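Undergrad: Let me begin by handing over the structure; questions about it come next.
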Amino acid sequence: MAALEDEMQKTFDYIVIGSGSAGGIVAARLSEDGKHRVLCLEAGTKDEKYFWTKVPVGTAILYDDPKANWCYWSEPNDAYGGRQIYVPRGRILGGSSSINGMVWVRGQKQDFDHWAQLGCKGWSYDDVLPMFKKIENFTGGQDEVRGRGGPIRITEASKVTKFTDLLFESAEAIGIRKNPDYNGENQEGVALAQGSIHKGRRQSTANCYLAPARKRPNLTIHTGGEASSLIMDGKRCVGVRYKMNGQEHEAIAAREVIVSCGTINSPKLLELSGIGQPGVLRQHGINLVHELPGVGENLRDHFGPLLKFAVNVDGVSISDISRGWKYIREGLRYILFRKGFIAQSMGTGRVFFRSREGLESPDAMLSIIPYIPMLDEGKRKISPVRGVSMFAHTQRTESTGSIHIKSDRPEDEPAINYNFLDAEYDRETNIRAVRKARELMSTPPLGDVISAELEPGPDVQTDDEILDYMRNYGQTTYHPTGTCKMGRDPMAVVDEKLRVHGIQSLRVADASIMPTMTSGNTNAPSMMIGEKCAEMILSEL
């Protein structure tokens, strides 16, 4: 009898590999009615062990913490000065939703309408809007487009320093108006960032979806269980092999397996399972199960320089309140009231704008940071230099790279090959974004408190000089997408139902399925993908 019970525990109706922005939602929703046995497999540990996953300012620590983060690096590439680019990804319950910057940006209506035009039926803005509303609990905006009772509470950043008012006034002076809700009907304008934060606490899939679901007897969550390969029966996926506590395990799925390992690790798991490009698999001694040339291709991300400006007056930069007795005051403010800069995301402001005339909607973005970040002995801190900074980049990048396995060993990280600034559109739009940032910061009243441009600096002026600076000092803003893209073309990996082409009982649900970039941060659309996937699966029963 004991042996039979042990065997039953290894069989589930659904297996969700990954507990991140999409996977955590899929697992929670599939287990909701109590009818289906669901296994959620997470390579990382339980997030409740880490204090910093709860506190918004903890993002700065989590970005480099191997206990909660895969801490990947890209391959060197001349496209970005022969450097390696740091690629943090969540390795903890809740995935990247437990370590990210918490900025909530859905993207523009036309992003999703474009997906539908590419052949992804059911993914237009009107189709995905109900999913966004289902996720959100937000008090602002209009009822028609914003969610009111969802698991993820969304709040707007508060004004911690004088910088916010100066930003709004200078933006207005150059023709960029304040937008009361950039996640509403129109994204364009300047605004305080909306964040997946409530009462000074992070809102991740770990604490908003999986924590309430843990008590369900039909949901099993295995943390510390790293998937090594899918179990295939011909062209049908029937389960997963994984390692936990140093032991090899197998779990069988009676219905489906949903891969939600993220843009980096979903293509890796498919390739380790024999699904992908024959040449890549053959190179590493993996038997071909099914040829899909698009696996690992179409890698996109946001990339741009971090512009830094010195400030000449007190009360504008957070650096003024991040040290000494003022920092102690901020700590007490957080403990007592859950307010202040400790309770907010890093990028508290957003500017969405059109980089040139003739465009219907914004194509570029400034991510405003009311201080200058720095690395000090490998730790991310607020620079003592009184200043502010911002990322400036195109929204819907066209340059594409790839992610492929380096070996047949599951523990080896994949080769992340970005190809930033390859597309002329990206180069031109990024240059215009930098020029717009400079225009904004030189316009009063902001221009009156900015004493100097520290980076790139006044010596960088021509298009070629700006482009060269971007190549050598630009950074990703941590929004990788597209490596298992959705569609019907020869390079598509999944169809509009997120089913892997040519394979039965296998879906992918995470940012890797995005055929093109969305306009802004990718956590919100990744959660939407999770809700959409769960709804499609349940509707087919």
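Letters A, B, ... mark the chains of the structure tokens in the order given; residue numbers begin at 1 per chain; ligand numbers begin at 1, in order shown.
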Please tabulate, as JSON lines, the residues of region 91-112 of chain A that come within 12 Å of region 27-41 of chain A, each with its closest pair of atoms and the distance in Å to one decimal, counting only C-alpha atoms and ordering rows by chain, then residue number upward.

TA:
```
{"residue": "A:Arg91", "atom": "CA", "partner": "A:Leu41", "partner_atom": "CA", "distance": 11.6}
{"residue": "A:Ile92", "atom": "CA", "partner": "A:Leu41", "partner_atom": "CA", "distance": 10.8}
{"residue": "A:Leu93", "atom": "CA", "partner": "A:Leu41", "partner_atom": "CA", "distance": 9.3}
{"residue": "A:Gly94", "atom": "CA", "partner": "A:Cys40", "partner_atom": "CA", "distance": 11.0}
{"residue": "A:Gly95", "atom": "CA", "partner": "A:Leu41", "partner_atom": "CA", "distance": 11.2}
```

Undergrad: Give me a file of those residues, with C-alpha atoms, as a short mmCIF file (atom, residue, chain, number, x, y, z; two decimals), in the first residue's frame.

TA:
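That gives us selection_13.cif:
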```
data_model
loop_
_atom_site.label_atom_id
_atom_site.label_comp_id
_atom_site.auth_asym_id
_atom_site.auth_seq_id
_atom_site.Cartn_x
_atom_site.Cartn_y
_atom_site.Cartn_z
CA ARG A 91 15.66 31.60 -8.68
CA ILE A 92 13.19 31.58 -5.82
CA LEU A 93 9.51 30.97 -5.26
CA GLY A 94 7.81 33.64 -7.35
CA GLY A 95 10.69 33.71 -9.84
#
```

Undergrad: Please provide the set of residues having any atom within 9 Å of Ser451 (chain A), restricted to only C-alpha atoms, with same-chain residues fewer than 2 positions apart removed, written as a PyMOL selection string.

TA: chain A and resi 309-312+447-449+453

Undergrad: Take the selection from the previous step and output its residues with N, CA, C and O atoms, as a PDB file, in the first residue's frame.

TA:
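Saved to result.pdb:
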```pdb
ATOM      1  N   PHE A 309      23.220  62.656 -13.685  1.00  0.00           N
ATOM      2  CA  PHE A 309      23.272  64.108 -13.569  1.00  0.00           C
ATOM      3  C   PHE A 309      23.520  64.509 -12.118  1.00  0.00           C
ATOM      4  O   PHE A 309      22.903  63.959 -11.193  1.00  0.00           O
ATOM      5  N   ALA A 310      24.403  65.458 -11.907  1.00  0.00           N
ATOM      6  CA  ALA A 310      24.658  65.991 -10.569  1.00  0.00           C
ATOM      7  C   ALA A 310      23.643  67.084 -10.251  1.00  0.00           C
ATOM      8  O   ALA A 310      23.231  67.847 -11.127  1.00  0.00           O
ATOM      9  N   VAL A 311      23.239  67.158  -8.989  1.00  0.00           N
ATOM     10  CA  VAL A 311      22.247  68.129  -8.518  1.00  0.00           C
ATOM     11  C   VAL A 311      22.912  69.100  -7.552  1.00  0.00           C
ATOM     12  O   VAL A 311      23.734  68.695  -6.719  1.00  0.00           O
ATOM     13  N   ASN A 312      22.545  70.382  -7.638  1.00  0.00           N
ATOM     14  CA  ASN A 312      23.241  71.392  -6.837  1.00  0.00           C
ATOM     15  C   ASN A 312      22.450  71.935  -5.653  1.00  0.00           C
ATOM     16  O   ASN A 312      22.873  72.896  -5.000  1.00  0.00           O
ATOM     17  N   GLY A 447      16.429  72.134 -15.094  1.00  0.00           N
ATOM     18  CA  GLY A 447      17.704  72.662 -15.560  1.00  0.00           C
ATOM     19  C   GLY A 447      18.374  73.586 -14.560  1.00  0.00           C
ATOM     20  O   GLY A 447      19.604  73.738 -14.576  1.00  0.00           O
ATOM     21  N   ASP A 448      17.562  74.182 -13.674  1.00  0.00           N
ATOM     22  CA  ASP A 448      18.121  75.096 -12.676  1.00  0.00           C
ATOM     23  C   ASP A 448      18.809  74.372 -11.527  1.00  0.00           C
ATOM     24  O   ASP A 448      19.609  74.972 -10.803  1.00  0.00           O
ATOM     25  N   VAL A 449      18.490  73.088 -11.337  1.00  0.00           N
ATOM     26  CA  VAL A 449      19.078  72.353 -10.202  1.00  0.00           C
ATOM     27  C   VAL A 449      20.103  71.321 -10.658  1.00  0.00           C
ATOM     28  O   VAL A 449      20.750  70.695  -9.830  1.00  0.00           O
ATOM     29  N   GLU A 453      26.144  67.202 -16.299  1.00  0.00           N
ATOM     30  CA  GLU A 453      25.868  65.852 -16.809  1.00  0.00           C
ATOM     31  C   GLU A 453      27.131  65.030 -16.569  1.00  0.00           C
ATOM     32  O   GLU A 453      28.176  65.286 -17.171  1.00  0.00           O
TER      33      GLU A 453
END
```

Undergrad: Run DSSP on the backbone and give me the residues of region 102-233 of chain A it puts in alpha helix (DSSP H), as a ChimeraX atom specification.

TA: /A:109-117,125-135,163-173,205,211-213

Undergrad: Store the residues of this selection in a file with N, CA, C and O atoms, as a short mmCIF file (atom, residue, chain, number, x, y, z; two decimals), in the first residue's frame.

TA:
```cif
data_model
loop_
_atom_site.label_atom_id
_atom_site.label_comp_id
_atom_site.auth_asym_id
_atom_site.auth_seq_id
_atom_site.Cartn_x
_atom_site.Cartn_y
_atom_site.Cartn_z
N LYS A 109 -1.83 49.31 -26.26
CA LYS A 109 -2.87 48.57 -26.98
C LYS A 109 -2.32 47.98 -28.27
O LYS A 109 -2.59 46.82 -28.62
N GLN A 110 -1.55 48.77 -28.99
CA GLN A 110 -1.08 48.30 -30.29
C GLN A 110 -0.06 47.17 -30.18
O GLN A 110 0.13 46.41 -31.13
N ASP A 111 0.59 47.01 -29.02
CA ASP A 111 1.51 45.88 -28.83
C ASP A 111 0.76 44.56 -29.05
O ASP A 111 1.23 43.67 -29.76
N PHE A 112 -0.38 44.45 -28.40
CA PHE A 112 -1.14 43.20 -28.43
C PHE A 112 -1.94 43.07 -29.72
O PHE A 112 -2.10 41.95 -30.25
N ASP A 113 -2.42 44.18 -30.24
CA ASP A 113 -3.08 44.12 -31.55
C ASP A 113 -2.11 43.65 -32.63
O ASP A 113 -2.49 42.93 -33.56
N HIS A 114 -0.84 44.04 -32.48
CA HIS A 114 0.19 43.58 -33.42
C HIS A 114 0.39 42.07 -33.31
O HIS A 114 0.55 41.40 -34.33
N TRP A 115 0.37 41.54 -32.10
CA TRP A 115 0.47 40.08 -31.94
C TRP A 115 -0.66 39.39 -32.71
O TRP A 115 -0.42 38.39 -33.40
N ALA A 116 -1.86 39.92 -32.58
CA ALA A 116 -3.00 39.32 -33.29
C ALA A 116 -2.81 39.41 -34.80
O ALA A 116 -3.13 38.47 -35.54
N GLN A 117 -2.27 40.53 -35.27
CA GLN A 117 -2.02 40.69 -36.70
C GLN A 117 -0.97 39.72 -37.21
O GLN A 117 -0.97 39.35 -38.39
N TYR A 125 -5.58 43.37 -27.94
CA TYR A 125 -5.76 44.12 -26.69
C TYR A 125 -7.11 43.79 -26.05
O TYR A 125 -7.19 43.58 -24.83
N ASP A 126 -8.15 43.73 -26.86
CA ASP A 126 -9.47 43.42 -26.31
C ASP A 126 -9.50 42.02 -25.70
O ASP A 126 -10.26 41.77 -24.75
N ASP A 127 -8.70 41.12 -26.24
CA ASP A 127 -8.65 39.75 -25.71
C ASP A 127 -7.90 39.67 -24.38
O ASP A 127 -8.27 38.90 -23.49
N VAL A 128 -6.81 40.43 -24.26
CA VAL A 128 -5.98 40.31 -23.06
C VAL A 128 -6.39 41.27 -21.95
O VAL A 128 -6.00 41.07 -20.78
N LEU A 129 -7.17 42.29 -22.27
CA LEU A 129 -7.59 43.25 -21.24
C LEU A 129 -8.27 42.58 -20.05
O LEU A 129 -7.96 42.90 -18.89
N PRO A 130 -9.19 41.63 -20.28
CA PRO A 130 -9.81 40.96 -19.12
C PRO A 130 -8.79 40.24 -18.23
O PRO A 130 -9.01 40.13 -17.01
N MET A 131 -7.70 39.76 -18.81
CA MET A 131 -6.67 39.09 -18.02
C MET A 131 -5.94 40.09 -17.12
O MET A 131 -5.69 39.83 -15.95
N PHE A 132 -5.59 41.25 -17.69
CA PHE A 132 -4.95 42.28 -16.88
C PHE A 132 -5.87 42.71 -15.73
O PHE A 132 -5.42 42.88 -14.59
N LYS A 133 -7.15 42.90 -16.03
CA LYS A 133 -8.09 43.32 -15.00
C LYS A 133 -8.25 42.25 -13.93
O LYS A 133 -8.45 42.55 -12.75
N LYS A 134 -8.16 40.99 -14.33
CA LYS A 134 -8.30 39.88 -13.38
C LYS A 134 -7.14 39.86 -12.38
O LYS A 134 -7.29 39.45 -11.23
N ILE A 135 -5.97 40.30 -12.82
CA ILE A 135 -4.77 40.31 -11.97
C ILE A 135 -4.80 41.46 -10.98
O ILE A 135 -4.45 41.31 -9.81
N PHE A 163 12.13 66.26 -6.46
CA PHE A 163 12.46 65.94 -7.85
C PHE A 163 11.21 65.69 -8.70
O PHE A 163 11.15 66.08 -9.86
N THR A 164 10.22 65.04 -8.11
CA THR A 164 9.03 64.68 -8.88
C THR A 164 8.33 65.90 -9.47
O THR A 164 8.00 65.94 -10.66
N ASP A 165 8.09 66.91 -8.65
CA ASP A 165 7.41 68.11 -9.15
C ASP A 165 8.24 68.83 -10.20
O ASP A 165 7.70 69.33 -11.20
N LEU A 166 9.55 68.85 -10.01
CA LEU A 166 10.43 69.48 -11.01
C LEU A 166 10.36 68.71 -12.33
O LEU A 166 10.34 69.31 -13.41
N LEU A 167 10.33 67.39 -12.23
CA LEU A 167 10.23 66.54 -13.43
C LEU A 167 8.97 66.84 -14.20
O LEU A 167 8.99 67.03 -15.43
N PHE A 168 7.85 66.90 -13.51
CA PHE A 168 6.57 67.15 -14.17
C PHE A 168 6.56 68.53 -14.85
O PHE A 168 6.07 68.67 -15.98
N GLU A 169 7.10 69.53 -14.19
CA GLU A 169 7.10 70.88 -14.76
C GLU A 169 8.00 70.97 -15.99
O GLU A 169 7.63 71.59 -16.99
N SER A 170 9.17 70.37 -15.93
CA SER A 170 10.08 70.42 -17.09
C SER A 170 9.53 69.61 -18.25
O SER A 170 9.68 69.99 -19.42
N ALA A 171 8.92 68.47 -17.95
CA ALA A 171 8.31 67.67 -19.02
C ALA A 171 7.20 68.46 -19.72
O ALA A 171 7.10 68.47 -20.95
N GLU A 172 6.39 69.13 -18.93
CA GLU A 172 5.31 69.95 -19.50
C GLU A 172 5.90 71.05 -20.39
O GLU A 172 5.36 71.36 -21.46
N ALA A 173 7.03 71.60 -19.98
CA ALA A 173 7.66 72.69 -20.74
C ALA A 173 8.16 72.24 -22.10
O ALA A 173 8.28 73.06 -23.02
N THR A 205 4.03 36.70 -7.29
CA THR A 205 3.17 35.53 -7.42
C THR A 205 3.34 34.60 -6.23
O THR A 205 2.44 33.83 -5.90
N ALA A 211 0.92 31.59 -2.06
CA ALA A 211 0.73 31.52 -0.61
C ALA A 211 -0.72 31.17 -0.24
O ALA A 211 -0.95 30.25 0.56
N PRO A 212 -1.72 31.84 -0.83
CA PRO A 212 -3.10 31.45 -0.52
C PRO A 212 -3.46 30.04 -1.03
O PRO A 212 -4.35 29.40 -0.48
N ALA A 213 -2.76 29.59 -2.08
CA ALA A 213 -3.09 28.30 -2.68
C ALA A 213 -2.42 27.12 -1.99
O ALA A 213 -2.82 25.96 -2.20
#
```

Undergrad: Within 10 Å of region 377-398 of chain A, which residues of region 449-495 of chain A show up? Give each one with its shortest atom-to-atom distance in Å (one decimal) and the two atoms involved, counting only C-alpha atoms, rows by chain then rising residue number, as a tab-separated table.

TA:
```
residue	atom	partner	partner_atom	distance
A:Val449	CA	A:Gly387	CA	9.7
A:Ile450	CA	A:Gly387	CA	8.1
A:Ser451	CA	A:Gly387	CA	9.2
A:Ala452	CA	A:Gly387	CA	9.3
A:Glu453	CA	A:Gly387	CA	9.6
A:Leu454	CA	A:Gly387	CA	9.2
A:Glu455	CA	A:Ser389	CA	9.1
A:Gly474	CA	A:Phe391	CA	9.0
A:Gln475	CA	A:Phe391	CA	8.6
A:Thr476	CA	A:Phe391	CA	9.5
A:Thr477	CA	A:Phe391	CA	8.1
```

Undergrad: Residues at most 10 Å from region 363-365 of chain A, counting only C-alpha atoms, excluding those fewer than 6 positions away in the same chain, as a list in words?

TA: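 Listed by chain and then number, they are Glu188, Gly189, Val190, Arg350, Val351, Phe352, Phe353, Arg354, Ser355, Arg356, Met390, Phe391, Ala392, His393, Thr394, Gln395, Arg396, Thr397, Asp426, Thr429, Asn430, Arg432, Ala433, Val434, Lys436, Ala437, Ser519 and Gly520 of chain A.
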
Undergrad: Selection from above, C-alpha atoms, as a PDB file, in the first residue's frame, can you write it?

TA:
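The result, written out as part31.pdb:
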```
ATOM      1  CA  GLU A 188       1.998  58.708 -23.503  1.00  0.00           C
ATOM      2  CA  GLY A 189       3.218  61.218 -20.953  1.00  0.00           C
ATOM      3  CA  VAL A 190       5.138  61.610 -17.710  1.00  0.00           C
ATOM      4  CA  ARG A 350       8.295  57.088 -16.237  1.00  0.00           C
ATOM      5  CA  VAL A 351       8.314  59.199 -19.395  1.00  0.00           C
ATOM      6  CA  PHE A 352       6.742  57.653 -22.497  1.00  0.00           C
ATOM      7  CA  PHE A 353       7.178  59.755 -25.627  1.00  0.00           C
ATOM      8  CA  ARG A 354       7.312  59.767 -29.417  1.00  0.00           C
ATOM      9  CA  SER A 355      10.894  60.193 -30.586  1.00  0.00           C
ATOM     10  CA  ARG A 356       9.876  61.736 -33.910  1.00  0.00           C
ATOM     11  CA  MET A 390      17.693  57.619 -15.980  1.00  0.00           C
ATOM     12  CA  PHE A 391      17.696  54.898 -18.600  1.00  0.00           C
ATOM     13  CA  ALA A 392      16.846  56.070 -22.122  1.00  0.00           C
ATOM     14  CA  HIS A 393      15.905  53.539 -24.785  1.00  0.00           C
ATOM     15  CA  THR A 394      13.519  52.391 -27.471  1.00  0.00           C
ATOM     16  CA  GLN A 395      10.437  50.504 -26.376  1.00  0.00           C
ATOM     17  CA  ARG A 396       9.829  47.878 -29.056  1.00  0.00           C
ATOM     18  CA  THR A 397      13.311  46.717 -29.969  1.00  0.00           C
ATOM     19  CA  ASP A 426      17.036  50.648 -32.407  1.00  0.00           C
ATOM     20  CA  THR A 429      15.545  55.600 -31.555  1.00  0.00           C
ATOM     21  CA  ASN A 430      18.027  55.149 -28.714  1.00  0.00           C
ATOM     22  CA  ARG A 432      16.791  60.253 -29.978  1.00  0.00           C
ATOM     23  CA  ALA A 433      15.910  59.006 -26.487  1.00  0.00           C
ATOM     24  CA  VAL A 434      19.254  60.204 -25.142  1.00  0.00           C
ATOM     25  CA  LYS A 436      15.227  63.832 -25.261  1.00  0.00           C
ATOM     26  CA  ALA A 437      16.609  62.997 -21.807  1.00  0.00           C
ATOM     27  CA  SER A 519       6.201  48.846 -24.510  1.00  0.00           C
ATOM     28  CA  GLY A 520       7.730  48.863 -21.057  1.00  0.00           C
TER      29      GLY A 520
END
```

Undergrad: Out of region 280-510 of chain A, which residues get strand (DSSP E or B) from DSSP, as JSON, numbers by chain?

TA: {"A": [290, 291, 299, 300, 303, 304, 306, 307, 308, 309, 310, 311, 349, 350, 351, 352, 353, 364, 365, 366, 367, 368, 369, 373, 374, 375, 376, 379, 380, 381, 382, 387, 388, 389, 390, 391, 392, 393, 394, 401, 402, 403, 404, 415, 416, 417, 450, 451, 452, 453, 454, 455, 475, 476, 481, 486, 494, 499, 500, 504, 506, 507, 508]}

Undergrad: Find the residue from A:Thr348, A:Gln283, A:Ser526, A:Gln461 that sits nearest to Lys406 (chain A); use only C-alpha atoms when measuring.

TA: A:Gln283

Undergrad: Find the distance between CA of Arg202 (chain A) and CA of Gly147 (chain A) and write it in Å to one decimal.

TA: 18.1 Å

Undergrad: Enter the distance from CA of Ile174 (chain A) to CA of Ala191 (chain A), in Å, rounded to one decimal.

TA: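 Atom-to-atom, CA of Ile174 (chain A) to CA of Ala191 (chain A), that is 14.7 Å.
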
Undergrad: Would you please work out which residue, of A:Tyr182, A:Phe337, A:Trp123, A:Tyr469, is nearest to Val145 (chain A) when using only C-alpha atoms?

TA: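 Among the listed residues, the smallest separation from Val145 (chain A) belongs to A:Tyr182.
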
Undergrad: Name the closest residue to Gly331 (chain A) among the candidates A:Val57, A:Pro362, A:Val508, A:Val259; distances are taken between atoms, counting only C-alpha atoms.

TA: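 Selected residue with least distance to Gly331 (chain A): A:Val57.
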
Undergrad: Which residue is closest to Arg201 (chain A)? Choose from A:Ser98, A:Asn523, A:Ser319, A:Asn245 and count only C-alpha atoms.

TA: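 Among the listed residues, the smallest separation from Arg201 (chain A) belongs to A:Ser98.
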
Undergrad: Compare A:Ile431, A:Ala524, A:Leu541, A:Ala79 by their minimum atom-to-atom distance to Ile154 (chain A), counting only C-alpha atoms, and give me the closest one.

TA: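 Smallest distance to Ile154 (chain A) is found for A:Ala524.
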
Undergrad: Between A:Cys484, A:Ile318, A:Val493, A:Met517, which residue has the minimum interatomic distance to Pro267 (chain A), considering only C-alpha atoms?

TA: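 Distance minimum relative to Pro267 (chain A) lands on A:Cys484.
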
Undergrad: Which residues, written as an NGL selection string, have at least one atom at most 12 Å from Thr481 (chain A), with only C-alpha atoms counted and residues fewer than 4 positions away on the same chain left out?

TA: :A and (261-267 or 296-302 or 396-403 or 418 or 477 or 485-486 or 509-518 or 520-523 or 525-526)
